[in-house]
$ cat entry.pdb   # PDB, C-alpha atoms, pLDDT in the B column
ATOM      1  CA  MET A   1      90.486 112.834  91.370  1.00 81.00           C
ATOM      2  CA  ILE A   2      92.915 111.538  88.778  1.00 91.00           C
ATOM      3  CA  GLU A   3      91.535 111.453  85.255  1.00 93.00           C
ATOM      4  CA  LYS A   4      91.483 108.081  83.519  1.00 94.00           C
ATOM      5  CA  ALA A   5      93.009 109.667  80.409  1.00 96.00           C
ATOM      6  CA  THR A   6      96.070 110.727  82.426  1.00 96.00           C
ATOM      7  CA  ILE A   7      96.556 107.173  83.672  1.00 97.00           C
ATOM      8  CA  GLU A   8      96.008 105.736  80.176  1.00 97.00           C
ATOM      9  CA  THR A   9      98.749 108.019  78.838  1.00 97.00           C
ATOM     10  CA  ALA A  10     101.167 106.776  81.504  1.00 98.00           C
ATOM     11  CA  ILE A  11     100.173 103.149  80.865  1.00 98.00           C
ATOM     12  CA  GLU A  12     101.006 103.629  77.167  1.00 97.00           C
ATOM     13  CA  LYS A  13     104.595 104.349  78.243  1.00 97.00           C
ATOM     14  CA  VAL A  14     104.930 101.101  80.230  1.00 95.00           C
ATOM     15  CA  ARG A  15     102.912  98.914  77.839  1.00 97.00           C
ATOM     16  CA  PRO A  16     105.813  98.159  75.388  1.00 97.00           C
ATOM     17  CA  SER A  17     107.827  96.546  78.207  1.00 93.00           C
ATOM     18  CA  LEU A  18     104.975  94.166  78.979  1.00 95.00           C
ATOM     19  CA  GLN A  19     104.260  93.480  75.311  1.00 96.00           C
ATOM     20  CA  ALA A  20     107.920  92.579  74.749  1.00 95.00           C
ATOM     21  CA  ASP A  21     107.320  89.588  77.037  1.00 91.00           C
ATOM     22  CA  GLY A  22     103.978  88.679  75.445  1.00 95.00           C
ATOM     23  CA  GLY A  23     101.772  90.456  77.965  1.00 95.00           C
ATOM     24  CA  ASP A  24      99.680  93.592  78.152  1.00 96.00           C
ATOM     25  CA  ILE A  25      97.844  95.790  80.618  1.00 97.00           C
ATOM     26  CA  GLU A  26      94.351  97.285  80.756  1.00 97.00           C
ATOM     27  CA  LEU A  27      93.107 100.050  83.027  1.00 98.00           C
ATOM     28  CA  VAL A  28      90.021  98.854  84.898  1.00 98.00           C
ATOM     29  CA  SER A  29      89.286 101.727  87.283  1.00 97.00           C
ATOM     30  CA  VAL A  30      90.598 104.471  89.512  1.00 97.00           C
ATOM     31  CA  ASP A  31      88.957 105.487  92.763  1.00 96.00           C
ATOM     32  CA  GLU A  32      88.817 108.800  94.594  1.00 94.00           C
ATOM     33  CA  ASP A  33      91.660 107.739  96.914  1.00 95.00           C
ATOM     34  CA  GLY A  34      94.105 107.296  94.016  1.00 97.00           C
ATOM     35  CA  LYS A  35      93.921 103.494  93.931  1.00 98.00           C
ATOM     36  CA  VAL A  36      94.311 102.242  90.361  1.00 98.00           C
ATOM     37  CA  THR A  37      93.003  98.817  89.339  1.00 98.00           C
ATOM     38  CA  VAL A  38      94.517  97.206  86.249  1.00 98.00           C
ATOM     39  CA  LYS A  39      94.240  93.869  84.516  1.00 96.00           C
ATOM     40  CA  LEU A  40      97.371  92.108  83.305  1.00 96.00           C
ATOM     41  CA  THR A  41      96.637  90.081  80.177  1.00 95.00           C
ATOM     42  CA  GLY A  42      98.389  87.803  77.715  1.00 95.00           C
ATOM     43  CA  ALA A  43     101.510  86.119  79.064  1.00 93.00           C
ATOM     44  CA  CYS A  44     101.288  88.292  82.205  1.00 90.00           C
ATOM     45  CA  HIS A  45      97.939  86.766  83.194  1.00 87.00           C
ATOM     46  CA  GLY A  46      98.648  83.946  85.615  1.00 85.00           C
ATOM     47  CA  CYS A  47     102.421  84.377  85.449  1.00 87.00           C
ATOM     48  CA  PRO A  48     104.088  83.679  88.829  1.00 89.00           C
ATOM     49  CA  MET A  49     106.063  86.924  88.459  1.00 90.00           C
ATOM     50  CA  SER A  50     103.027  89.081  87.642  1.00 92.00           C
ATOM     51  CA  GLN A  51     102.653  90.463  91.196  1.00 92.00           C
ATOM     52  CA  MET A  52     106.280  91.545  91.206  1.00 93.00           C
ATOM     53  CA  THR A  53     105.862  93.070  87.740  1.00 93.00           C
ATOM     54  CA  LEU A  54     102.753  94.878  88.940  1.00 96.00           C
ATOM     55  CA  LYS A  55     104.225  96.279  92.154  1.00 95.00           C
ATOM     56  CA  GLN A  56     107.894  96.851  91.318  1.00 95.00           C
ATOM     57  CA  GLY A  57     107.389  97.724  87.669  1.00 95.00           C
ATOM     58  CA  VAL A  58     103.983  99.165  86.893  1.00 97.00           C
ATOM     59  CA  GLU A  59     103.147 100.682  90.297  1.00 97.00           C
ATOM     60  CA  THR A  60     106.581 102.262  90.722  1.00 97.00           C
ATOM     61  CA  PHE A  61     106.435 103.768  87.232  1.00 97.00           C
ATOM     62  CA  LEU A  62     102.875 105.063  87.526  1.00 98.00           C
ATOM     63  CA  LYS A  63     103.505 106.626  90.951  1.00 98.00           C
ATOM     64  CA  LYS A  64     106.542 108.406  89.512  1.00 97.00           C
ATOM     65  CA  GLU A  65     104.510 109.696  86.558  1.00 97.00           C
ATOM     66  CA  ILE A  66     101.412 110.559  88.626  1.00 97.00           C
ATOM     67  CA  PRO A  67     102.258 111.213  92.306  1.00 97.00           C
ATOM     68  CA  GLU A  68      98.534 111.249  93.247  1.00 97.00           C
ATOM     69  CA  ILE A  69      98.390 107.489  92.697  1.00 98.00           C
ATOM     70  CA  THR A  70      98.453 105.727  96.069  1.00 97.00           C
ATOM     71  CA  GLU A  71      98.409 102.084  94.948  1.00 97.00           C
ATOM     72  CA  VAL A  72      98.130  99.880  91.867  1.00 98.00           C
ATOM     73  CA  VAL A  73      96.282  96.590  92.262  1.00 97.00           C
ATOM     74  CA  SER A  74      95.304  93.732  89.967  1.00 95.00           C
ATOM     75  CA  ALA A  75      91.662  93.139  89.072  1.00 92.00           C
TER
END
$ encode --input "entry.pdb" --output "structure tokens"
Amino acid sequence: MIEKATIETAIEKVRPSLQADGGDIELVSVDEDGKVTVKLTGACHGCPMSQMTLKQGVETFLKKEIPEITEVVSA
């Protein structure tokens, strides 16, 4: 199972990109199958582009950093 601390470290690398646009990201959970649940906050919360940001930005980056991650979903 992927440790939360490992995911938090990777999230810290992507966080500045989201904060630059007034948003942020919080790790909610990770399950035994490698599915990571996050919460987009600030300007990202409710933004029409948030799903694209989540999948094409955050998920792509996290999977590259931690290959055991199978999916990133929004809480």
$ atom_distance --input "entry.pdb" --atom1 "CA of Glu32 (chain A)" --atom2 "CA of Leu18 (chain A)"
26.8 Å
$ residues_around --input "entry.pdb" --residues "region 59-61 of chain A" --least-positions-apart "3" --cutoff "12 Å" --atoms "only C-alpha atoms" --output "VMD selection string"
chain A and resid 7 10 to 15 17 34 to 38 50 to 56 64 to 74
$ residues_around --input "entry.pdb" --residues "His45 (chain A)" --least-positions-apart "5" --cutoff "9 Å" --atoms "all atoms listed in the file" --output "PyMOL selection string"
chain A and resi 23-24+39-40+50
$ atom_distance --input "entry.pdb" --atom1 "CA of Met1 (chain A)" --atom2 "CA of Gly57 (chain A)"
23.0 Å
$ atom_distance --input "entry.pdb" --atom1 "CA of Ile25 (chain A)" --atom2 "CA of Val58 (chain A)"
9.4 Å
$ closest_residue --input "entry.pdb" --among "A:Glu3, A:Met49, A:Cys44, A:Asp31" --to "Gln19 (chain A)" --atoms "only C-alpha atoms"
A:Cys44
$ closest_residue --input "entry.pdb" --among "A:Ala75, A:Lys63, A:Gly46, A:Thr6" --to "Glu26 (chain A)" --atoms "all atoms listed in the file"
A:Ala75
$ residues_around --input "entry.pdb" --residues "Gly22 (chain A)" --least-positions-apart "6" --cutoff "9 Å" --atoms "all atoms listed in the file" --output "list in words"
Thr41, Gly42, Ala43 and Cys44 of chain A
